[in-house]
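Colleague: Contents of my_file_33.csv (CSV, C-alpha atoms and all ligand atoms) are given next:
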```csv
chain,number,residue,atom,x,y,z
A,1,MET,CA,73.2,-33.1,3.6
A,2,GLN,CA,73.1,-34.6,0.1
A,3,ASP,CA,70.8,-37.3,1.4
A,4,LEU,CA,68.5,-34.7,2.8
A,5,GLN,CA,68.5,-32.7,-0.4
A,6,GLN,CA,67.5,-35.8,-2.4
A,7,LYS,CA,64.7,-36.8,-0.1
A,8,ILE,CA,63.2,-33.3,0.0
A,9,ALA,CA,63.4,-33.0,-3.8
A,10,ALA,CA,61.5,-36.3,-4.1
A,11,TYR,CA,58.8,-35.3,-1.6
A,12,GLU,CA,58.5,-31.9,-3.2
A,13,ALA,CA,57.8,-33.5,-6.6
A,14,GLU,CA,55.1,-35.6,-4.8
A,15,ILE,CA,53.6,-32.4,-3.2
A,16,ASN,CA,53.5,-30.6,-6.5
A,17,ALA,CA,51.8,-33.5,-8.3
A,18,PHE,CA,49.2,-33.8,-5.5
A,19,GLN,CA,45.7,-33.0,-6.8
A,20,PRO,CA,43.0,-34.2,-4.4
A,21,THR,CA,39.6,-34.9,-5.8
A,22,ASN,CA,37.8,-35.2,-2.5
A,23,ALA,CA,38.1,-34.2,1.2
A,24,ALA,CA,39.3,-37.7,2.3
A,25,GLU,CA,42.3,-37.5,-0.1
A,26,LEU,CA,43.2,-34.0,1.3
A,27,GLU,CA,43.0,-35.3,4.8
A,28,ALA,CA,45.2,-38.2,4.0
A,29,PHE,CA,47.7,-35.7,2.6
A,30,ARG,CA,47.6,-33.7,5.7
A,31,ILE,CA,48.3,-36.7,7.9
A,32,GLN,CA,51.0,-37.9,5.6
A,33,PHE,CA,53.0,-34.7,5.5
A,34,LEU,CA,51.8,-32.4,8.3
A,35,GLY,CA,50.5,-34.9,10.9
A,36,THR,CA,52.4,-35.4,14.3
A,37,LYS,CA,54.1,-38.5,12.8
A,38,GLY,CA,54.2,-37.0,9.3
A,39,ILE,CA,57.0,-36.5,6.8
A,40,VAL,CA,57.7,-32.9,7.7
A,41,LYS,CA,58.3,-33.8,11.4
A,42,GLU,CA,60.4,-36.8,10.3
A,43,ILE,CA,62.7,-34.7,8.0
A,44,PHE,CA,63.1,-32.0,10.7
A,45,GLY,CA,64.3,-34.8,12.9
A,46,GLU,CA,67.2,-35.4,10.6
A,47,MET,CA,68.7,-32.0,11.3
A,48,LYS,CA,70.7,-33.6,14.1
A,49,ASN,CA,72.5,-35.7,11.5
A,50,VAL,CA,73.6,-32.6,9.5
A,51,ALA,CA,77.2,-31.4,10.1
A,52,GLY,CA,77.5,-28.2,12.0
A,53,PRO,CA,78.6,-25.8,9.2
A,54,GLN,CA,75.8,-27.0,7.0
A,55,LYS,CA,73.1,-26.6,9.6
A,56,LYS,CA,72.1,-23.1,8.4
A,57,GLU,CA,71.7,-24.2,4.8
A,58,ALA,CA,69.7,-27.3,5.9
A,59,GLY,CA,67.5,-25.2,8.1
A,60,LEU,CA,66.5,-23.0,5.1
A,61,LEU,CA,65.8,-26.0,3.0
A,62,LEU,CA,63.6,-27.7,5.6
A,63,ASN,CA,61.7,-24.5,6.2
A,64,ALA,CA,61.0,-24.1,2.5
A,65,PHE,CA,59.8,-27.7,2.3
A,66,LYS,CA,57.5,-27.3,5.3
A,67,ILE,CA,56.0,-24.1,3.8
A,68,ALA,CA,55.5,-25.9,0.4
A,69,ALA,CA,53.6,-28.7,2.2
A,70,GLU,CA,51.5,-26.3,4.3
A,71,SER,CA,50.6,-24.0,1.4
A,72,LYS,CA,49.5,-26.9,-0.8
A,73,TYR,CA,47.2,-28.2,2.0
A,74,GLU,CA,45.8,-24.7,2.7
A,75,ALA,CA,45.1,-24.0,-0.9
A,76,PHE,CA,42.9,-27.0,-1.1
A,77,VAL,CA,41.2,-26.5,2.2
A,78,HIS,CA,40.3,-23.0,1.1
A,79,LEU,CA,38.9,-24.1,-2.3
A,80,GLN,CA,36.9,-26.9,-0.6
A,81,GLY,CA,35.6,-24.4,2.0
A,82,ASN,CA,34.4,-22.1,-0.7
A,83,SER,CA,32.6,-24.7,-2.6
A,84,GLN,CA,31.0,-26.0,0.6
A,85,ASN,CA,29.8,-22.5,1.5
A,86,LYS,CA,28.3,-21.9,-1.9
A,87,GLU,CA,26.4,-25.2,-1.7
A,88,ALA,CA,25.1,-24.3,1.7
A,89,LYS,CA,23.9,-20.8,0.7
A,90,ILE,CA,22.5,-20.9,-2.8
A,91,ASP,CA,21.2,-23.7,-4.9
A,92,LEU,CA,20.3,-22.0,-8.1
A,93,THR,CA,18.3,-24.9,-9.2
A,94,LEU,CA,15.7,-24.6,-6.4
A,95,PRO,CA,12.5,-22.7,-7.1
A,96,GLY,CA,12.5,-19.3,-5.4
A,97,THR,CA,10.5,-18.6,-2.2
A,98,SER,CA,8.0,-15.7,-2.9
A,99,ILE,CA,7.8,-12.9,-0.4
A,100,PRO,CA,4.2,-12.3,0.5
A,101,LEU,CA,3.1,-8.9,-0.7
A,102,GLY,CA,0.4,-6.7,0.8
A,103,THR,CA,-2.4,-5.3,-1.3
A,104,ARG,CA,-4.2,-2.0,-1.4
A,105,HIS,CA,-7.5,-2.0,0.5
A,106,PRO,CA,-10.4,-2.1,-1.9
A,107,LEU,CA,-11.8,1.2,-0.5
A,108,LYS,CA,-8.5,2.9,-1.1
A,109,MET,CA,-8.3,1.5,-4.7
A,110,VAL,CA,-11.7,2.9,-5.4
A,111,GLU,CA,-11.0,6.2,-3.7
A,112,ASN,CA,-7.8,6.6,-5.8
A,113,LYS,CA,-9.7,5.9,-8.9
A,114,MET,CA,-12.3,8.6,-8.0
A,115,VAL,CA,-9.6,11.1,-7.3
A,116,SER,CA,-7.8,10.4,-10.5
A,117,ILE,CA,-11.0,10.8,-12.6
A,118,PHE,CA,-11.7,14.2,-11.0
A,119,GLU,CA,-8.1,15.3,-11.0
A,120,LYS,CA,-8.2,15.0,-14.8
A,121,LEU,CA,-11.1,17.4,-14.8
A,122,GLY,CA,-9.1,20.0,-12.9
A,123,PHE,CA,-10.3,19.2,-9.3
A,124,SER,CA,-7.7,19.2,-6.6
A,125,VAL,CA,-7.8,17.1,-3.4
A,126,ALA,CA,-8.6,18.7,0.0
A,127,THR,CA,-8.7,17.1,3.4
A,128,GLY,CA,-9.8,18.3,6.8
A,129,PRO,CA,-10.2,17.1,10.5
A,130,GLU,CA,-12.3,14.2,11.5
A,131,VAL,CA,-13.2,15.9,14.8
A,132,GLU,CA,-15.1,18.9,13.5
A,133,ASP,CA,-16.9,21.9,15.1
A,134,ASP,CA,-20.6,22.5,14.7
A,135,TRP,CA,-20.1,25.4,12.4
A,136,HIS,CA,-18.2,23.5,9.7
A,137,ASN,CA,-20.2,20.3,10.0
A,138,PHE,CA,-23.7,21.8,10.3
A,139,THR,CA,-24.4,25.5,10.8
A,140,SER,CA,-22.4,26.9,7.9
A,141,LEU,CA,-24.0,24.3,5.6
A,142,ASN,CA,-27.4,25.9,6.1
A,143,MET,CA,-28.2,23.6,9.0
A,144,PRO,CA,-28.6,26.0,12.0
A,145,GLU,CA,-29.2,24.6,15.5
A,146,ASN,CA,-32.6,22.8,15.7
A,147,HIS,CA,-32.8,22.4,11.9
A,148,THR,CA,-34.6,19.2,11.3
A,149,ALA,CA,-32.1,18.1,8.7
A,150,ARG,CA,-29.6,17.4,11.5
A,151,ASP,CA,-31.7,14.4,12.3
A,152,MET,CA,-30.9,12.9,8.8
A,153,GLN,CA,-27.5,12.1,10.3
A,154,ASP,CA,-27.1,10.5,13.7
A,155,THR,CA,-24.2,12.3,15.1
A,156,PHE,CA,-21.5,11.3,17.6
A,157,TYR,CA,-20.8,14.3,19.9
A,158,VAL,CA,-17.5,14.7,21.7
A,159,ALA,CA,-18.5,14.3,25.4
A,160,SER,CA,-16.1,16.9,26.7
A,161,ASN,CA,-17.2,19.6,24.3
A,162,PRO,CA,-20.7,19.6,22.9
A,163,ASP,CA,-19.5,22.0,20.1
A,164,TRP,CA,-17.4,19.2,18.7
A,165,VAL,CA,-18.6,16.2,16.6
A,166,LEU,CA,-17.1,13.4,14.7
A,167,ARG,CA,-17.8,14.7,11.2
A,168,THR,CA,-20.9,13.2,9.7
A,169,HIS,CA,-19.9,14.0,6.1
A,170,THR,CA,-17.0,15.5,4.2
A,171,SER,CA,-19.1,18.5,3.3
A,172,SER,CA,-17.3,20.0,6.4
A,173,VAL,CA,-14.1,20.1,4.2
A,174,GLN,CA,-16.1,22.0,1.5
A,175,ALA,CA,-17.0,24.5,4.2
A,176,ARG,CA,-13.3,24.9,5.1
A,177,MET,CA,-12.3,25.4,1.5
A,178,LEU,CA,-15.0,28.1,1.0
A,179,GLU,CA,-13.8,29.8,4.1
A,180,LYS,CA,-10.4,30.4,2.5
A,181,GLY,CA,-12.2,32.6,0.0
A,182,GLU,CA,-10.2,31.6,-3.0
A,183,LEU,CA,-12.4,31.5,-6.1
A,184,PRO,CA,-12.9,29.9,-8.5
A,185,LEU,CA,-12.8,26.7,-6.5
A,186,ARG,CA,-12.8,23.1,-7.7
A,187,VAL,CA,-12.0,20.5,-5.0
A,188,ILE,CA,-12.8,16.9,-4.1
A,189,CYS,CA,-12.7,15.9,-0.5
A,190,PRO,CA,-12.2,12.2,0.3
A,191,GLY,CA,-12.2,11.0,3.9
A,192,ARG,CA,-13.7,9.0,6.8
A,193,VAL,CA,-17.0,10.0,8.4
A,194,TYR,CA,-18.9,8.8,11.4
A,195,ARG,CA,-22.6,8.2,12.2
A,196,ASN,CA,-24.2,6.7,15.2
A,197,GLU,CA,-25.6,3.6,13.4
A,198,THR,CA,-25.9,0.0,14.6
A,199,ILE,CA,-23.3,-2.0,12.7
A,200,SER,CA,-24.9,-4.4,10.2
A,201,ALA,CA,-24.3,-5.6,6.7
A,202,ARG,CA,-25.9,-2.4,5.4
A,203,ALA,CA,-24.8,0.2,7.9
A,204,HIS,CA,-21.7,1.1,9.8
A,205,CYS,CA,-20.7,3.6,12.4
A,206,PHE,CA,-17.8,4.8,10.2
A,207,PHE,CA,-17.5,4.9,6.4
A,208,HIS,CA,-15.9,6.9,3.7
A,209,GLN,CA,-17.1,9.7,1.4
A,210,CYS,CA,-15.8,11.6,-1.5
A,211,GLU,CA,-17.5,14.9,-2.0
A,212,GLY,CA,-16.9,17.5,-4.7
A,213,LEU,CA,-17.4,21.2,-5.0
A,214,TYR,CA,-17.2,23.5,-7.9
A,215,ILE,CA,-17.8,27.3,-7.6
A,216,ASP,CA,-17.3,29.8,-10.4
A,217,LYS,CA,-19.2,32.4,-12.4
A,218,GLY,CA,-21.9,30.8,-14.5
A,219,VAL,CA,-21.7,27.2,-13.3
A,220,SER,CA,-25.0,25.5,-14.1
A,221,PHE,CA,-26.9,22.3,-13.5
A,222,ALA,CA,-25.9,21.2,-16.9
A,223,ASP,CA,-22.2,21.3,-15.8
A,224,LEU,CA,-23.2,19.2,-12.8
A,225,LYS,CA,-24.9,16.6,-14.9
A,226,GLN,CA,-22.1,16.3,-17.4
A,227,THR,CA,-19.4,16.1,-14.8
A,228,LEU,CA,-21.1,13.3,-12.9
A,229,TYR,CA,-22.0,11.5,-16.1
A,230,HIS,CA,-18.3,11.6,-17.1
A,231,PHE,CA,-17.4,10.2,-13.7
A,232,VAL,CA,-19.8,7.3,-14.0
A,233,THR,CA,-18.6,6.3,-17.5
A,234,GLU,CA,-15.0,6.4,-16.3
A,235,MET,CA,-15.8,4.4,-13.2
A,236,PHE,CA,-18.3,1.9,-14.5
A,237,GLY,CA,-17.9,1.8,-18.2
A,238,ALA,CA,-19.2,3.8,-21.2
A,239,ASP,CA,-22.5,1.9,-21.4
A,240,THR,CA,-23.7,3.0,-18.0
A,241,LYS,CA,-26.8,5.2,-18.0
A,242,VAL,CA,-27.6,7.8,-15.4
A,243,ARG,CA,-30.8,9.3,-14.1
A,244,PHE,CA,-31.4,12.2,-11.6
A,245,ARG,CA,-34.3,12.2,-9.1
A,246,PRO,CA,-35.3,15.3,-7.2
A,247,SER,CA,-34.2,15.2,-3.6
A,248,TYR,CA,-33.5,17.4,-0.6
A,249,PHE,CA,-30.2,18.5,1.1
A,250,PRO,CA,-30.1,21.7,3.2
A,251,PHE,CA,-26.9,22.9,1.5
A,252,THR,CA,-28.1,22.5,-2.1
A,253,GLU,CA,-31.0,23.9,-4.1
A,254,PRO,CA,-32.2,22.3,-6.3
A,255,SER,CA,-31.0,18.9,-5.0
A,256,ALA,CA,-31.0,15.5,-6.7
A,257,GLU,CA,-30.0,12.0,-6.2
A,258,MET,CA,-28.3,10.2,-9.0
A,259,ASP,CA,-28.9,6.6,-10.0
A,260,ILE,CA,-26.9,4.5,-12.5
A,261,SER,CA,-28.2,1.6,-14.5
A,262,CYS,CA,-27.5,-1.6,-12.6
A,263,THR,CA,-23.9,-2.8,-13.4
A,264,VAL,CA,-24.8,-6.4,-12.5
A,265,CYS,CA,-27.9,-7.1,-14.5
A,266,GLY,CA,-27.7,-4.2,-16.9
A,267,GLY,CA,-31.2,-3.1,-16.0
A,268,SER,CA,-33.1,-6.4,-16.3
A,269,GLY,CA,-33.5,-6.7,-12.5
A,270,CYS,CA,-31.4,-8.4,-9.8
A,271,ASN,CA,-30.8,-8.3,-6.0
A,272,LEU,CA,-28.3,-5.4,-6.2
A,273,CYS,CA,-30.9,-3.1,-7.8
A,274,LYS,CA,-33.8,-4.7,-6.0
A,275,HIS,CA,-35.2,-5.5,-9.3
A,276,THR,CA,-35.6,-1.9,-10.4
A,277,GLY,CA,-32.7,-1.8,-12.8
A,278,TRP,CA,-31.3,1.3,-11.1
A,279,VAL,CA,-28.9,1.8,-8.2
A,280,GLU,CA,-28.5,5.0,-6.3
A,281,ILE,CA,-24.9,6.2,-6.0
A,282,LEU,CA,-24.8,9.8,-4.9
A,283,GLY,CA,-26.5,13.1,-3.7
A,284,CYS,CA,-25.9,16.4,-5.5
A,285,GLY,CA,-27.2,19.8,-6.2
A,286,MET,CA,-26.5,23.5,-6.8
A,287,VAL,CA,-24.9,25.1,-3.8
A,288,HIS,CA,-27.6,26.9,-1.8
A,289,PRO,CA,-27.3,30.7,-1.9
A,290,ASN,CA,-27.5,30.8,1.9
A,291,MET,CA,-24.4,28.7,2.1
A,292,LEU,CA,-22.5,31.0,-0.3
A,293,ARG,CA,-23.6,34.0,1.8
A,294,ASN,CA,-22.3,32.2,5.0
A,295,PHE,CA,-18.8,32.5,3.4
A,296,GLY,CA,-19.2,36.0,2.1
A,297,ILE,CA,-19.7,34.9,-1.5
A,298,ASP,CA,-22.3,36.8,-3.6
A,299,PRO,CA,-24.8,34.3,-5.0
A,300,GLU,CA,-25.7,36.8,-7.7
A,301,VAL,CA,-22.1,36.6,-9.1
A,302,TYR,CA,-21.0,33.0,-8.2
A,303,SER,CA,-22.8,29.7,-8.5
A,304,GLY,CA,-21.7,26.2,-8.1
A,305,PHE,CA,-22.5,22.6,-7.7
A,306,ALA,CA,-21.7,20.0,-5.0
A,307,PHE,CA,-22.0,16.2,-4.8
A,308,GLY,CA,-21.2,13.6,-2.3
A,309,MET,CA,-20.9,9.8,-2.5
A,310,GLY,CA,-20.0,6.9,-0.3
A,311,VAL,CA,-16.8,5.1,-1.2
A,312,GLU,CA,-18.2,1.9,0.3
A,313,ARG,CA,-21.3,2.2,-1.9
A,314,ILE,CA,-19.3,2.6,-5.1
A,315,THR,CA,-17.0,-0.3,-4.1
A,316,GLN,CA,-20.0,-2.5,-3.3
A,317,ILE,CA,-21.5,-1.8,-6.8
A,318,LYS,CA,-18.2,-2.2,-8.6
A,319,TYR,CA,-17.0,-5.4,-6.9
A,320,GLN,CA,-20.4,-6.8,-5.6
A,321,VAL,CA,-19.5,-6.7,-1.9
A,322,ASN,CA,-22.7,-7.4,0.0
A,323,ASP,CA,-21.6,-6.8,3.6
A,324,LEU,CA,-20.2,-3.5,4.7
A,325,ARG,CA,-18.5,-5.1,7.7
A,326,LEU,CA,-16.1,-6.9,5.4
A,327,TYR,CA,-14.2,-3.6,4.8
A,328,SER,CA,-13.0,-3.3,8.4
A,329,GLN,CA,-12.6,-6.9,9.5
A,330,ASN,CA,-9.1,-7.3,8.0
A,331,ASP,CA,-10.0,-10.8,6.9
A,332,LEU,CA,-7.2,-11.8,4.5
A,333,ARG,CA,-9.6,-14.1,2.6
A,334,PHE,CA,-11.5,-11.0,1.6
A,335,LEU,CA,-8.6,-8.6,1.1
A,336,ARG,CA,-6.6,-11.1,-1.1
A,337,GLN,CA,-9.4,-11.1,-3.7
A,338,PHE,CA,-8.4,-7.6,-4.7
A,339,GLN,CA,-4.7,-8.5,-5.1
A,340,SER,CA,-4.7,-8.6,-8.8
A,341,ILE,CA,-6.9,-5.6,-9.5
A,342,GLU,CA,-4.5,-2.7,-9.3
B,1,LIG,N1,-23.3,15.6,2.4
B,1,LIG,C1,-24.3,14.7,1.9
B,1,LIG,C2,-24.4,13.4,2.7
B,1,LIG,O1,-23.5,13.1,3.4
B,1,LIG,C3,-24.0,14.4,0.4
B,1,LIG,C4,-24.1,15.6,-0.5
B,1,LIG,C5,-23.0,16.4,-0.7
B,1,LIG,C6,-25.3,15.9,-1.1
B,1,LIG,C7,-23.1,17.5,-1.5
B,1,LIG,C8,-25.3,17.0,-1.9
B,1,LIG,C9,-24.2,17.8,-2.1
B,1,LIG,O2,-25.3,12.7,2.5
```
Is it possible to express this structure as structure tokens?

Modeller:
Amino acid sequence: MQDLQQKIAAYEAEINAFQPTNAAELEAFRIQFLGTKGIVKEIFGEMKNVAGPQKKEAGLLLNAFKIAAESKYEAFVHLQGNSQNKEAKIDLTLPGTSIPLGTRHPLKMVENKMVSIFEKLGFSVATGPEVEDDWHNFTSLNMPENHTARDMQDTFYVASNPDWVLRTHTSSVQARMLEKGELPLRVICPGRVYRNETISARAHCFFHQCEGLYIDKGVSFADLKQTLYHFVTEMFGADTKVRFRPSYFPFTEPSAEMDISCTVCGGSGCNLCKHTGWVEILGCGMVHPNMLRNFGIDPEVYSGFAFGMGVERITQIKYQVNDLRLYSQNDLRFLRQFQSIE
């Protein structure tokens, strides 16, 4: 028994002092103490030499020794495992991998900008259906059946119901807002519209508009001009000049088209302005009395202005995009160019 106690004490001192610096040393320790021919096995084998009455005491001693050897080994296996895991999962010295981020579509960026400019002037946003009935798209806007102005817009009709069209402009939303009968009214209507055009660099069968409508007592053409002038300076910069040319729309009288000084050449002449120094950006006018009457509004009491512009057109001028088809081709080489803008 004494022999055994001495041996174990010596081994325990060795175990306590053991401090492996690498995996090989730890493995050597395991083989030395816990292996099939290891020290623990060997010492257990000496039980048979212990006298009967001392067997219990010897058993406790041997078990404590075995546990000491095992826990030393496990403590280091555990530590080593942790450090191996850490190395496998994160190396803080590596440069990070960036996650590819999407970007807003240029048309949406421009539409958002338009909306925010008009919202600051007190306009609220209204939307409506893209499949529209004849009344909201044409008739109520002072374009009764057989009105020649219907030819200005090549319309897609819904085959199953000739009363339905894919809306040709967002003026249909203005009609829906007037129908509600809440005055005064100050709304902008952004949205997608459809026309039966052959797709080319300069025309598409669907595009986007943003139209505005302001109805109140005493609204004048001066309000129209000032509102649109403000829009232009916010969108294209304070130096931008505007001019109005007389035009025709069935739902406005008088009607005008508005041009801005060319943002590319500043007026000296380039391809964008076709060497005129001016680019057309929108149609506008004072809401036609017939249209007000269609919605039960007395044109002697209320007046208002309306305007409509193409989002593609504004985007084309702002970012010099020369082919309308680019907007719907989902070509990342095109879309990524807008990544840093907003
Ligand atoms: N609805 C017209 C178009 O699509 C634009 C417009 C709107 C013109 C409002 C005048 C007033 O061309």

Colleague: Which residues of range 293-327 of chain A sit at most 8 Å from range 201-212 of chain A, using all atoms listed in the file? Give each one's shortest atom pair and distance in Å (one decimal place), in chain and ascending residue order, as a Markdown table.

Modeller:
```
| residue | atom | partner | partner_atom | distance |
| --- | --- | --- | --- | --- |
| A:Ala306 | CA | A:Gly212 | CA | 5.4 |
| A:Phe307 | CA | A:Gly212 | CA | 5.3 |
| A:Gly308 | CA | A:Glu211 | CA | 3.9 |
| A:Met309 | CA | A:Gln209 | CA | 5.4 |
| A:Gly310 | CA | A:Gln209 | CA | 4.4 |
| A:Val311 | CA | A:Gln209 | CA | 5.3 |
| A:Glu312 | CA | A:His208 | CA | 6.5 |
| A:Asn322 | CA | A:Ala201 | CA | 7.1 |
| A:Asp323 | CA | A:Ala201 | CA | 4.3 |
| A:Leu324 | CA | A:Ala201 | CA | 5.0 |
| A:Arg325 | CA | A:Ala201 | CA | 5.9 |
```

Colleague: Near Leu335 in chain A, counting only C-alpha atoms, which residues have an atom at most 10 Å away, once you skip same-chain residues fewer than 3 positions from it, shown as an NGL selection string?

Modeller: :A and (102-106 or 326-327 or 329-332 or 338-339)

Colleague: All residues within 8 Å of ligand LIG 1 (chain B) are required, counting all atoms listed in the file; please report them as a PyMOL selection string.

Modeller: chain A and resi 168-171+209+211-213+249+251-252+255-257+282-287+305-309

Colleague: Around the point (-29.8, 0.7, -11.8) (coordinates from the file), which residues reach within 8 Å if we count only C-alpha atoms? Answer as a list in words.

Modeller: Asp259, Ile260, Ser261, Cys262, Thr263, Gly266, Gly267, Cys273, Thr276, Gly277, Trp278, Val279 and Glu280 of chain A

Colleague: Figure out the distance between CA of Pro299 in chain A and CA of Ile215 in chain A, please, to one decimal in Å.

Modeller: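 Pair CA of Ile215 in chain A / CA of Pro299 in chain A returns 10.2 Å.
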
Colleague: Between CA of Glu42 in chain A and CA of His78 in chain A, what distance in Å does the model show, to one decimal?

Modeller: 26.1 Å

Colleague: What does the distance from CA of Glu234 in chain A to CA of His288 in chain A come to in Å, to one decimal?

Modeller: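 That distance, rounded to one decimal, is 28.1 Å.
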
Colleague: Taking all atoms listed in the file into account, name the residue in A:Asn49, A:Val158, A:Gln153, A:Arg192 that is nearest to Thr127 in chain A.

Modeller: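 Ranking A:Asn49, A:Val158, A:Gln153, A:Arg192 by distance to Thr127 in chain A, first place goes to A:Arg192.
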
Colleague: Restricting the calculation to only C-alpha atoms, which member of A:Pro250, A:Pro53, A:Gly122, A:Gly191 is positioned closest to Phe138 in chain A?

Modeller: A:Pro250

Colleague: For range 176-183 of chain A, find every residue with an atom within 9 Å (counting all atoms listed in the file), except residues of its own chain fewer than 3 positions away, and show them as a PyMOL selection string.

Modeller: chain A and resi 126+128+136+171-173+186-187+215-216+292+294-297+302

Colleague: Can you pull out every residue within 12 Å of Asn63 in chain A, counting all atoms listed in the file, but drop anything in the same chain fewer than 4 positions away, and send it as a VMD selection string?

Modeller: chain A and resid 8 40 to 41 43 to 44 47 56 to 59 67 to 70

Colleague: Next, dump the selected residues to file, keeping only C-alpha atoms, as a compact mmCIF listing (two decimals), in the frame of the given file.

Modeller:
```
# COMPACT_ATOMS: atom_id res chain seq x y z
CA ILE A 8 63.20 -33.30 0.00
CA VAL A 40 57.70 -32.90 7.70
CA LYS A 41 58.30 -33.80 11.40
CA ILE A 43 62.70 -34.70 8.00
CA PHE A 44 63.10 -32.00 10.70
CA MET A 47 68.70 -32.00 11.30
CA LYS A 56 72.10 -23.10 8.40
CA GLU A 57 71.70 -24.20 4.80
CA ALA A 58 69.70 -27.30 5.90
CA GLY A 59 67.50 -25.20 8.10
CA ILE A 67 56.00 -24.10 3.80
CA ALA A 68 55.50 -25.90 0.40
CA ALA A 69 53.60 -28.70 2.20
CA GLU A 70 51.50 -26.30 4.30
```

Colleague: Assuming 4 Å of padding per side, give the centre and edge lengths of the axis-aligned box around every listed atom of range 274-288 of chain A, in Å to one decimal and as lines of an AutoDock Vina configuration file.

Modeller:
```
center_x = -30.2
center_y = 10.7
center_z = -7.3
size_x = 18.8
size_y = 40.4
size_z = 19.0
```

Colleague: Just want the 9 Å neighbourhood of Asn16 in chain A, counted on all atoms listed in the file, with same-chain residues fewer than 2 positions away dropped. Output as a PyMOL selection string.

Modeller: chain A and resi 11-14+18-19+68-69+72

Colleague: May I have the residues from that selection written out with C-alpha atoms, as an mmCIF file, keeping the file's coordinate frame?

Modeller:
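Full text of selection_23.cif as output:
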```cif
data_model
loop_
_atom_site.group_PDB
_atom_site.id
_atom_site.type_symbol
_atom_site.label_atom_id
_atom_site.label_comp_id
_atom_site.auth_asym_id
_atom_site.auth_seq_id
_atom_site.Cartn_x
_atom_site.Cartn_y
_atom_site.Cartn_z
ATOM 1 C CA TYR A 11 58.800 -35.300 -1.600
ATOM 2 C CA GLU A 12 58.500 -31.900 -3.200
ATOM 3 C CA ALA A 13 57.800 -33.500 -6.600
ATOM 4 C CA GLU A 14 55.100 -35.600 -4.800
ATOM 5 C CA PHE A 18 49.200 -33.800 -5.500
ATOM 6 C CA GLN A 19 45.700 -33.000 -6.800
ATOM 7 C CA ALA A 68 55.500 -25.900 0.400
ATOM 8 C CA ALA A 69 53.600 -28.700 2.200
ATOM 9 C CA LYS A 72 49.500 -26.900 -0.800
#
```

Colleague: Could you check the closest approach to Cys189 in chain A for each of A:Val115, A:Ala222, A:Val242, A:Ala149 and tell me which residue wins, using all atoms listed in the file?

Modeller: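 Comparing A:Val115, A:Ala222, A:Val242, A:Ala149 against Cys189 in chain A, the winner is A:Val115.
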
Colleague: Tell me which protein, DNA and RNA residues are within 8 Å of Tyr73 in chain A, counting all atoms listed in the file, leaving out same-chain ones fewer than 4 positions away, and put them as a list in words.

Modeller: Leu26, Phe29, Arg30, Ala69 and Val77 of chain A
